[in-house]
Amino acid sequence: MSSHVIRPAGDPGRYGAAAMILHWTIAVLILVQIGLGWIMNEALPDHSPRQELVEGVHISLGLTILLLVLVRIGVRIANPPPPLPAGMPAWERFLAGASHLLFYVLMLVMPLTGWALVSLGARPISFWGLPWPHLPGVAALLGSPAPKAVRHQLSHVHVYILIWIVLLNLALHVAGALKHQFDGRPVLWRMAGLKRPGGPGSAS
Ligand code: HEM
Ligand code: HEM
């Protein structure tokens with residue numbers, strides 16, 4: 001297994017290049033996606049051409065995130081993460097693991113609920129101008145056309161409940177990364193192309 005692990009040569013304490021690129025790309029895209037969702041729902045007039053344009057970009061970008069997350073899960077399975085720094089208390093290890101797992105679930109459920117939302121009607125779905133299928137099973141499970149109340153509830157989950165969980169988990173995640181950055185067990189260098197503290201070859 002270790003012969004297939006893609007990590008910067010000689011530094012088993014760091015995430016691999018693919019994991020780092022995917023982490024930061026997906027993180028930026030999720031924040032852009034939340035901004036686009038807000039603009040299209042709150043700032044632009046309903047059914048205006050600009051709103052339709054932003055919605056089209058939101059849908060295509062959301063589906064792009066879904067594909068990138070699937071690639072990321074594949075990379076994660078092929079390349080187990082580096083062990084956490086020695087001396088980290090058990091509760092911190094648990095919290096970091098739970099927060100990471102929650103992020104993986106959210107990174108799948110966010111785009112899947114969005115995809116389910118646009119699969120409720122008969123309107124075709126466009127992925128950067130290309131045809132994209134409706135989410136299989138949605139019509140059978142929720143009805144076609146789905147009752148208004150079902151659409152409303154699914155929309156509430158996508159635009160409100162999940163976003164708040166993402167933002168709270170992000171706050172926990174960033175607070176954890178910053179805490180370790182300053183308490184002598186820094187982790188930022190493991191996920192960013194930063195210099196390893198203590199220089200090459202030093203222990204974490
Ligand atoms: C929405 C945005 C973000 C998401 C979804 C996200 C998600 C994740 C996930 C799932 C992991 C675990 C990787 C794995 O073990 O497979 C991780 C690790 C990490 N993230 Fe983020 N992240 C986000 C933003 C950030 C930001 C803004 C920072 C900067 C403080 C950050 C810093 C880190 C660091 C340092 C690690 C490595 C932790 C370790 O050493 O084990 N992340 N992130
Ligand atoms: C990580 C991925 C995604 C994130 C973070 C995200 C986030 C958001 C946000 C923040 C809103 C509006 C919130 C507000 O009203 O202030 C929204 C609305 C919406 N999103 Fe997403 N979204 C994602 C993926 C998708 C995907 C993949 C689709 C479709 C294929 C989609 C379709 C929609 C639709 C149709 C709405 C409007 C819902 C309504 O007003 O009832 N989203 N999204």
# chains A, B, ... in the order shown; residues from 1 in each chain; ligands from 1

$ residues_around --residues "segment 40-54 of chain A" --least-positions-apart "4" --cutoff "12 Å" --atoms "only C-alpha atoms" --output "list in words"
Val32, Gln33, Ile34, Gly35, Leu36, His58, Ile59, Ser60, Leu61, Gly62, Ser126, Trp128, Gly129, Ser155, Val159 and Tyr160 of chain A

$ write_last_selection --atoms "N, CA and C atoms" --output "PDB file, in the first residue's frame"
ATOM      1  N   VAL A  32     -17.393  30.266  -2.332  1.00  0.00           N
ATOM      2  CA  VAL A  32     -17.951  30.959  -3.512  1.00  0.00           C
ATOM      3  C   VAL A  32     -19.409  30.520  -3.708  1.00  0.00           C
ATOM      4  N   GLN A  33     -19.639  29.226  -3.550  1.00  0.00           N
ATOM      5  CA  GLN A  33     -20.962  28.640  -3.765  1.00  0.00           C
ATOM      6  C   GLN A  33     -21.995  29.201  -2.773  1.00  0.00           C
ATOM      7  N   ILE A  34     -21.569  29.372  -1.506  1.00  0.00           N
ATOM      8  CA  ILE A  34     -22.483  29.956  -0.506  1.00  0.00           C
ATOM      9  C   ILE A  34     -22.790  31.415  -0.902  1.00  0.00           C
ATOM     10  N   GLY A  35     -21.764  32.132  -1.379  1.00  0.00           N
ATOM     11  CA  GLY A  35     -21.962  33.522  -1.826  1.00  0.00           C
ATOM     12  C   GLY A  35     -22.916  33.591  -3.013  1.00  0.00           C
ATOM     13  N   LEU A  36     -22.721  32.708  -3.995  1.00  0.00           N
ATOM     14  CA  LEU A  36     -23.593  32.699  -5.180  1.00  0.00           C
ATOM     15  C   LEU A  36     -25.035  32.374  -4.778  1.00  0.00           C
ATOM     16  N   HIS A  58     -24.432  28.519 -10.199  1.00  0.00           N
ATOM     17  CA  HIS A  58     -24.511  27.829  -8.889  1.00  0.00           C
ATOM     18  C   HIS A  58     -24.715  26.321  -9.095  1.00  0.00           C
ATOM     19  N   ILE A  59     -25.596  25.977 -10.023  1.00  0.00           N
ATOM     20  CA  ILE A  59     -25.885  24.554 -10.256  1.00  0.00           C
ATOM     21  C   ILE A  59     -24.648  23.851 -10.836  1.00  0.00           C
ATOM     22  N   SER A  60     -24.032  24.471 -11.866  1.00  0.00           N
ATOM     23  CA  SER A  60     -22.866  23.832 -12.504  1.00  0.00           C
ATOM     24  C   SER A  60     -21.690  23.730 -11.531  1.00  0.00           C
ATOM     25  N   LEU A  61     -21.466  24.802 -10.755  1.00  0.00           N
ATOM     26  CA  LEU A  61     -20.350  24.788  -9.808  1.00  0.00           C
ATOM     27  C   LEU A  61     -20.607  23.758  -8.698  1.00  0.00           C
ATOM     28  N   GLY A  62     -21.865  23.674  -8.250  1.00  0.00           N
ATOM     29  CA  GLY A  62     -22.223  22.703  -7.202  1.00  0.00           C
ATOM     30  C   GLY A  62     -21.970  21.275  -7.675  1.00  0.00           C
ATOM     31  N   SER A 126     -28.576  21.782 -16.623  1.00  0.00           N
ATOM     32  CA  SER A 126     -27.402  22.032 -17.475  1.00  0.00           C
ATOM     33  C   SER A 126     -26.136  22.056 -16.614  1.00  0.00           C
ATOM     34  N   TRP A 128     -22.559  23.311 -17.078  1.00  0.00           N
ATOM     35  CA  TRP A 128     -21.709  24.144 -17.930  1.00  0.00           C
ATOM     36  C   TRP A 128     -22.147  24.000 -19.401  1.00  0.00           C
ATOM     37  N   GLY A 129     -23.469  24.007 -19.664  1.00  0.00           N
ATOM     38  CA  GLY A 129     -23.988  23.942 -21.041  1.00  0.00           C
ATOM     39  C   GLY A 129     -24.247  22.526 -21.541  1.00  0.00           C
ATOM     40  N   SER A 155     -35.782  22.492   0.236  1.00  0.00           N
ATOM     41  CA  SER A 155     -35.114  23.777   0.051  1.00  0.00           C
ATOM     42  C   SER A 155     -34.614  24.300   1.398  1.00  0.00           C
ATOM     43  N   VAL A 159     -30.806  25.310   1.820  1.00  0.00           N
ATOM     44  CA  VAL A 159     -30.377  26.714   1.897  1.00  0.00           C
ATOM     45  C   VAL A 159     -30.190  27.201   3.332  1.00  0.00           C
ATOM     46  N   TYR A 160     -30.653  26.433   4.304  1.00  0.00           N
ATOM     47  CA  TYR A 160     -30.596  26.960   5.667  1.00  0.00           C
ATOM     48  C   TYR A 160     -29.878  26.006   6.623  1.00  0.00           C
TER      49      TYR A 160
END

$ closest_atom_pairs --of "chain A" --to "ligand 1" --cutoff "6 Å" --atoms "only C-alpha atoms and all ligand atoms" --output "CSV"
residue,atom,partner,partner_atom_place_in_ligand_line,distance
A:Ala27,CA,ligand 1,2 (C),3.7
A:Ile30,CA,ligand 1,1 (C),5.6
A:Arg76,CA,ligand 1,16 (O),5.6
A:Pro81,CA,ligand 1,15 (O),5.2
A:Leu84,CA,ligand 1,41 (O),5.9
A:His100,CA,ligand 1,10 (C),4.2
A:Phe103,CA,ligand 1,10 (C),5.0
A:Tyr104,CA,ligand 1,10 (C),5.4
A:Leu170,CA,ligand 1,1 (C),5.9
A:Val174,CA,ligand 1,30 (C),4.3
A:Ala177,CA,ligand 1,35 (C),5.2
A:Val187,CA,ligand 1,40 (O),4.3
A:Leu188,CA,ligand 1,35 (C),3.7
A:Arg190,CA,ligand 1,40 (O),5.4
A:Met191,CA,ligand 1,37 (C),4.9

$ write_last_selection --atoms "N, CA and C atoms" --output "mmCIF file, in the first residue's frame"
data_model
loop_
_atom_site.group_PDB
_atom_site.id
_atom_site.type_symbol
_atom_site.label_atom_id
_atom_site.label_comp_id
_atom_site.auth_asym_id
_atom_site.auth_seq_id
_atom_site.Cartn_x
_atom_site.Cartn_y
_atom_site.Cartn_z
ATOM 1 N N ALA A 27 -12.443 24.029 -0.637
ATOM 2 C CA ALA A 27 -12.787 25.003 0.416
ATOM 3 C C ALA A 27 -13.177 26.342 -0.221
ATOM 4 N N ILE A 30 -16.551 26.063 -2.100
ATOM 5 C CA ILE A 30 -17.724 26.010 -1.213
ATOM 6 C C ILE A 30 -18.086 27.429 -0.743
ATOM 7 N N ARG A 76 -8.284 10.067 -0.727
ATOM 8 C CA ARG A 76 -8.184 9.835 0.725
ATOM 9 C C ARG A 76 -8.074 8.332 1.027
ATOM 10 N N PRO A 81 -4.312 9.648 5.724
ATOM 11 C CA PRO A 81 -3.717 10.914 6.168
ATOM 12 C C PRO A 81 -2.523 10.666 7.081
ATOM 13 N N LEU A 84 -1.613 12.190 13.374
ATOM 14 C CA LEU A 84 -1.684 13.492 14.047
ATOM 15 C C LEU A 84 -0.430 13.708 14.888
ATOM 16 N N HIS A 100 -13.749 16.383 10.704
ATOM 17 C CA HIS A 100 -13.370 16.003 9.333
ATOM 18 C C HIS A 100 -14.426 15.095 8.708
ATOM 19 N N PHE A 103 -17.408 17.042 7.757
ATOM 20 C CA PHE A 103 -17.165 17.779 6.515
ATOM 21 C C PHE A 103 -17.356 16.889 5.292
ATOM 22 N N TYR A 104 -16.844 15.651 5.371
ATOM 23 C CA TYR A 104 -17.012 14.751 4.213
ATOM 24 C C TYR A 104 -18.495 14.495 3.954
ATOM 25 N N LEU A 170 -17.018 24.841 10.126
ATOM 26 C CA LEU A 170 -15.854 25.578 9.616
ATOM 27 C C LEU A 170 -15.221 26.394 10.743
ATOM 28 N N VAL A 174 -11.398 25.853 11.787
ATOM 29 C CA VAL A 174 -10.383 26.915 11.704
ATOM 30 C C VAL A 174 -9.850 27.210 13.108
ATOM 31 N N ALA A 177 -7.361 24.537 13.936
ATOM 32 C CA ALA A 177 -6.100 24.702 13.191
ATOM 33 C C ALA A 177 -5.282 25.849 13.802
ATOM 34 N N VAL A 187 -0.346 22.402 12.810
ATOM 35 C CA VAL A 187 -0.793 21.441 11.802
ATOM 36 C C VAL A 187 -0.951 22.079 10.426
ATOM 37 N N LEU A 188 -0.917 23.422 10.365
ATOM 38 C CA LEU A 188 -1.201 24.097 9.091
ATOM 39 C C LEU A 188 -0.236 23.673 7.986
ATOM 40 N N ARG A 190 0.949 20.912 7.490
ATOM 41 C CA ARG A 190 0.638 19.569 6.979
ATOM 42 C C ARG A 190 -0.320 19.633 5.802
ATOM 43 N N MET A 191 -1.165 20.702 5.761
ATOM 44 C CA MET A 191 -2.159 20.816 4.706
ATOM 45 C C MET A 191 -1.813 21.936 3.728
#

$ select_by_dssp --residues "segment 42-196 of chain A" --states "strand (DSSP E)" --output "NGL selection string"
:A and (125-127 or 130-132)

$ select_by_dssp --residues "segment 12-172 of chain A" --states "alpha helix (DSSP H)" --output "mmCIF file with C-alpha atoms, in the first residue's frame"
data_model
loop_
_atom_site.group_PDB
_atom_site.id
_atom_site.type_symbol
_atom_site.label_atom_id
_atom_site.label_comp_id
_atom_site.auth_asym_id
_atom_site.auth_seq_id
_atom_site.Cartn_x
_atom_site.Cartn_y
_atom_site.Cartn_z
ATOM 1 C CA ALA A 17 -0.021 17.170 -3.012
ATOM 2 C CA ALA A 18 -3.330 15.926 -4.466
ATOM 3 C CA ALA A 19 -5.019 16.056 -1.021
ATOM 4 C CA MET A 20 -3.724 19.615 -0.434
ATOM 5 C CA ILE A 21 -4.794 20.923 -3.849
ATOM 6 C CA LEU A 22 -8.238 19.341 -3.488
ATOM 7 C CA HIS A 23 -8.639 20.610 0.116
ATOM 8 C CA TRP A 24 -7.982 24.260 -0.776
ATOM 9 C CA THR A 25 -9.786 24.202 -4.147
ATOM 10 C CA ILE A 26 -12.938 22.676 -2.622
ATOM 11 C CA ALA A 27 -12.787 25.003 0.416
ATOM 12 C CA VAL A 28 -12.673 28.103 -1.849
ATOM 13 C CA LEU A 29 -15.393 26.745 -4.163
ATOM 14 C CA ILE A 30 -17.724 26.010 -1.213
ATOM 15 C CA LEU A 31 -17.347 29.596 0.033
ATOM 16 C CA VAL A 32 -17.951 30.959 -3.512
ATOM 17 C CA GLN A 33 -20.962 28.640 -3.765
ATOM 18 C CA ILE A 34 -22.483 29.956 -0.506
ATOM 19 C CA GLY A 35 -21.962 33.522 -1.826
ATOM 20 C CA LEU A 36 -23.593 32.699 -5.180
ATOM 21 C CA GLY A 37 -26.531 30.995 -3.404
ATOM 22 C CA TRP A 38 -27.044 34.062 -1.257
ATOM 23 C CA PRO A 49 -32.137 37.217 -16.313
ATOM 24 C CA ARG A 50 -29.262 37.906 -13.882
ATOM 25 C CA GLN A 51 -30.806 35.619 -11.269
ATOM 26 C CA GLU A 52 -31.198 32.845 -13.873
ATOM 27 C CA LEU A 53 -27.555 33.326 -14.890
ATOM 28 C CA VAL A 54 -26.270 33.117 -11.306
ATOM 29 C CA GLU A 55 -28.498 30.088 -10.650
ATOM 30 C CA GLY A 56 -27.025 28.352 -13.712
ATOM 31 C CA VAL A 57 -23.487 28.970 -12.418
ATOM 32 C CA HIS A 58 -24.511 27.829 -8.889
ATOM 33 C CA ILE A 59 -25.885 24.554 -10.256
ATOM 34 C CA SER A 60 -22.866 23.832 -12.504
ATOM 35 C CA LEU A 61 -20.350 24.788 -9.808
ATOM 36 C CA GLY A 62 -22.223 22.703 -7.202
ATOM 37 C CA LEU A 63 -22.088 19.653 -9.470
ATOM 38 C CA THR A 64 -18.373 20.349 -10.111
ATOM 39 C CA ILE A 65 -17.826 20.331 -6.322
ATOM 40 C CA LEU A 66 -19.659 16.999 -6.092
ATOM 41 C CA LEU A 67 -17.317 15.476 -8.723
ATOM 42 C CA LEU A 68 -14.217 16.937 -7.007
ATOM 43 C CA VAL A 69 -15.374 15.555 -3.640
ATOM 44 C CA LEU A 70 -15.750 12.077 -5.161
ATOM 45 C CA VAL A 71 -12.164 12.356 -6.502
ATOM 46 C CA ARG A 72 -11.048 13.567 -3.064
ATOM 47 C CA ILE A 73 -12.633 10.595 -1.307
ATOM 48 C CA GLY A 74 -10.804 8.304 -3.755
ATOM 49 C CA VAL A 75 -7.497 10.092 -3.039
ATOM 50 C CA ARG A 76 -8.184 9.835 0.725
ATOM 51 C CA ILE A 77 -8.827 6.082 0.510
ATOM 52 C CA ALA A 78 -5.658 5.551 -1.555
ATOM 53 C CA ALA A 90 -7.473 12.241 23.036
ATOM 54 C CA TRP A 91 -10.403 14.720 23.101
ATOM 55 C CA GLU A 92 -8.689 16.897 20.489
ATOM 56 C CA ARG A 93 -8.010 13.875 18.265
ATOM 57 C CA PHE A 94 -11.660 12.870 18.595
ATOM 58 C CA LEU A 95 -12.929 16.395 17.820
ATOM 59 C CA ALA A 96 -10.629 16.741 14.783
ATOM 60 C CA GLY A 97 -11.731 13.325 13.454
ATOM 61 C CA ALA A 98 -15.430 14.071 14.039
ATOM 62 C CA SER A 99 -15.159 17.489 12.380
ATOM 63 C CA HIS A 100 -13.370 16.003 9.333
ATOM 64 C CA LEU A 101 -15.927 13.200 9.015
ATOM 65 C CA LEU A 102 -18.779 15.719 9.298
ATOM 66 C CA PHE A 103 -17.165 17.779 6.515
ATOM 67 C CA TYR A 104 -17.012 14.751 4.213
ATOM 68 C CA VAL A 105 -20.722 14.063 4.877
ATOM 69 C CA LEU A 106 -21.622 17.735 4.304
ATOM 70 C CA MET A 107 -19.513 17.955 1.129
ATOM 71 C CA LEU A 108 -21.681 15.143 -0.285
ATOM 72 C CA VAL A 109 -25.067 16.078 1.177
ATOM 73 C CA MET A 110 -24.868 19.789 0.198
ATOM 74 C CA PRO A 111 -24.589 19.182 -3.551
ATOM 75 C CA LEU A 112 -26.863 16.105 -3.412
ATOM 76 C CA THR A 113 -29.739 18.068 -1.817
ATOM 77 C CA GLY A 114 -29.196 20.832 -4.420
ATOM 78 C CA TRP A 115 -29.250 18.257 -7.207
ATOM 79 C CA ALA A 116 -32.417 16.700 -5.704
ATOM 80 C CA LEU A 117 -34.039 20.164 -5.601
ATOM 81 C CA VAL A 118 -33.509 20.804 -9.321
ATOM 82 C CA VAL A 138 -36.042 11.488 -6.701
ATOM 83 C CA ALA A 139 -39.220 11.373 -8.811
ATOM 84 C CA ALA A 140 -40.087 7.863 -7.543
ATOM 85 C CA LEU A 141 -39.396 8.808 -3.921
ATOM 86 C CA LEU A 142 -40.874 12.310 -3.731
ATOM 87 C CA LYS A 148 -45.060 22.008 -2.743
ATOM 88 C CA ALA A 149 -44.485 21.140 0.928
ATOM 89 C CA VAL A 150 -41.793 18.580 0.000
ATOM 90 C CA ARG A 151 -40.018 21.123 -2.208
ATOM 91 C CA HIS A 152 -40.205 23.670 0.578
ATOM 92 C CA GLN A 153 -38.725 21.301 3.152
ATOM 93 C CA LEU A 154 -35.901 20.153 0.894
ATOM 94 C CA SER A 155 -35.114 23.777 0.051
ATOM 95 C CA HIS A 156 -35.057 24.625 3.791
ATOM 96 C CA LEU A 162 -26.905 22.532 6.013
ATOM 97 C CA ILE A 163 -25.336 25.947 5.485
ATOM 98 C CA TRP A 164 -25.434 26.663 9.209
ATOM 99 C CA ILE A 165 -23.898 23.279 10.016
ATOM 100 C CA VAL A 166 -21.161 23.958 7.393
ATOM 101 C CA LEU A 167 -20.413 27.389 8.896
ATOM 102 C CA LEU A 168 -20.363 26.100 12.494
ATOM 103 C CA ASN A 169 -18.112 23.184 11.533
ATOM 104 C CA LEU A 170 -15.854 25.578 9.616
ATOM 105 C CA ALA A 171 -15.557 27.805 12.699
ATOM 106 C CA LEU A 172 -14.594 24.740 14.800
#

$ closest_residue --among "A:His158, A:Arg185, A:Ala175, A:Gly193" --to "ligand 2" --atoms "only C-alpha atoms and all ligand atoms"
A:His158

$ closest_residue --among "A:Ala122, A:Ile161, A:Ala86, A:Leu178" --to "Gly13 of chain A" --atoms "only C-alpha atoms"
A:Ala86

$ closest_residue --among "A:Gly16, A:Asp11, A:Ile125, A:Pro147" --to "ligand 2" --atoms "only C-alpha atoms and all ligand atoms"
A:Ile125

$ closest_residue --among "A:Ala192, A:Val157, A:Met88, A:Leu130" --to "ligand 2" --atoms "only C-alpha atoms and all ligand atoms"
A:Val157

$ decode --residues "segment 44-152 of chain A" --atoms "C-alpha atoms" --output "compact mmCIF listing (two decimals), in the first residue's frame"
# COMPACT_ATOMS: atom_id res chain seq x y z
CA LEU A 44 -31.31 39.56 -7.16
CA PRO A 45 -34.96 39.97 -8.19
CA ASP A 46 -36.83 36.66 -8.71
CA HIS A 47 -36.90 35.35 -12.30
CA SER A 48 -34.67 38.20 -13.59
CA PRO A 49 -32.14 37.22 -16.31
CA ARG A 50 -29.26 37.91 -13.88
CA GLN A 51 -30.81 35.62 -11.27
CA GLU A 52 -31.20 32.85 -13.87
CA LEU A 53 -27.56 33.33 -14.89
CA VAL A 54 -26.27 33.12 -11.31
CA GLU A 55 -28.50 30.09 -10.65
CA GLY A 56 -27.02 28.35 -13.71
CA VAL A 57 -23.49 28.97 -12.42
CA HIS A 58 -24.51 27.83 -8.89
CA ILE A 59 -25.89 24.55 -10.26
CA SER A 60 -22.87 23.83 -12.50
CA LEU A 61 -20.35 24.79 -9.81
CA GLY A 62 -22.22 22.70 -7.20
CA LEU A 63 -22.09 19.65 -9.47
CA THR A 64 -18.37 20.35 -10.11
CA ILE A 65 -17.83 20.33 -6.32
CA LEU A 66 -19.66 17.00 -6.09
CA LEU A 67 -17.32 15.48 -8.72
CA LEU A 68 -14.22 16.94 -7.01
CA VAL A 69 -15.37 15.55 -3.64
CA LEU A 70 -15.75 12.08 -5.16
CA VAL A 71 -12.16 12.36 -6.50
CA ARG A 72 -11.05 13.57 -3.06
CA ILE A 73 -12.63 10.60 -1.31
CA GLY A 74 -10.80 8.30 -3.76
CA VAL A 75 -7.50 10.09 -3.04
CA ARG A 76 -8.18 9.83 0.72
CA ILE A 77 -8.83 6.08 0.51
CA ALA A 78 -5.66 5.55 -1.56
CA ASN A 79 -3.54 7.83 0.69
CA PRO A 80 -4.28 7.54 4.42
CA PRO A 81 -3.72 10.91 6.17
CA PRO A 82 -0.46 11.47 8.08
CA PRO A 83 -0.67 10.60 11.79
CA LEU A 84 -1.68 13.49 14.05
CA PRO A 85 1.15 15.26 15.91
CA ALA A 86 2.39 13.33 18.95
CA GLY A 87 1.16 14.56 22.32
CA MET A 88 -2.25 15.72 21.10
CA PRO A 89 -4.86 14.92 23.80
CA ALA A 90 -7.47 12.24 23.04
CA TRP A 91 -10.40 14.72 23.10
CA GLU A 92 -8.69 16.90 20.49
CA ARG A 93 -8.01 13.88 18.27
CA PHE A 94 -11.66 12.87 18.60
CA LEU A 95 -12.93 16.39 17.82
CA ALA A 96 -10.63 16.74 14.78
CA GLY A 97 -11.73 13.33 13.45
CA ALA A 98 -15.43 14.07 14.04
CA SER A 99 -15.16 17.49 12.38
CA HIS A 100 -13.37 16.00 9.33
CA LEU A 101 -15.93 13.20 9.02
CA LEU A 102 -18.78 15.72 9.30
CA PHE A 103 -17.17 17.78 6.52
CA TYR A 104 -17.01 14.75 4.21
CA VAL A 105 -20.72 14.06 4.88
CA LEU A 106 -21.62 17.73 4.30
CA MET A 107 -19.51 17.95 1.13
CA LEU A 108 -21.68 15.14 -0.28
CA VAL A 109 -25.07 16.08 1.18
CA MET A 110 -24.87 19.79 0.20
CA PRO A 111 -24.59 19.18 -3.55
CA LEU A 112 -26.86 16.10 -3.41
CA THR A 113 -29.74 18.07 -1.82
CA GLY A 114 -29.20 20.83 -4.42
CA TRP A 115 -29.25 18.26 -7.21
CA ALA A 116 -32.42 16.70 -5.70
CA LEU A 117 -34.04 20.16 -5.60
CA VAL A 118 -33.51 20.80 -9.32
CA SER A 119 -34.60 17.21 -10.06
CA LEU A 120 -38.07 17.79 -8.56
CA GLY A 121 -39.45 19.43 -11.70
CA ALA A 122 -39.27 18.46 -15.36
CA ARG A 123 -36.86 21.33 -16.21
CA PRO A 124 -33.66 20.04 -17.86
CA ILE A 125 -30.43 20.44 -15.84
CA SER A 126 -27.40 22.03 -17.47
CA PHE A 127 -23.79 21.33 -16.41
CA TRP A 128 -21.71 24.14 -17.93
CA GLY A 129 -23.99 23.94 -21.04
CA LEU A 130 -24.00 20.13 -21.23
CA PRO A 131 -27.07 18.02 -20.39
CA TRP A 132 -27.00 16.52 -16.87
CA PRO A 133 -29.40 13.80 -15.63
CA HIS A 134 -31.99 14.29 -12.91
CA LEU A 135 -30.97 12.64 -9.62
CA PRO A 136 -32.10 9.02 -9.98
CA GLY A 137 -34.88 7.96 -7.62
CA VAL A 138 -36.04 11.49 -6.70
CA ALA A 139 -39.22 11.37 -8.81
CA ALA A 140 -40.09 7.86 -7.54
CA LEU A 141 -39.40 8.81 -3.92
CA LEU A 142 -40.87 12.31 -3.73
CA GLY A 143 -43.44 12.28 -6.57
CA SER A 144 -43.42 13.96 -9.96
CA PRO A 145 -44.23 16.77 -9.71
CA ALA A 146 -43.35 16.75 -5.99
CA PRO A 147 -45.88 18.37 -3.59
CA LYS A 148 -45.06 22.01 -2.74
CA ALA A 149 -44.49 21.14 0.93
CA VAL A 150 -41.79 18.58 0.00
CA ARG A 151 -40.02 21.12 -2.21
CA HIS A 152 -40.20 23.67 0.58
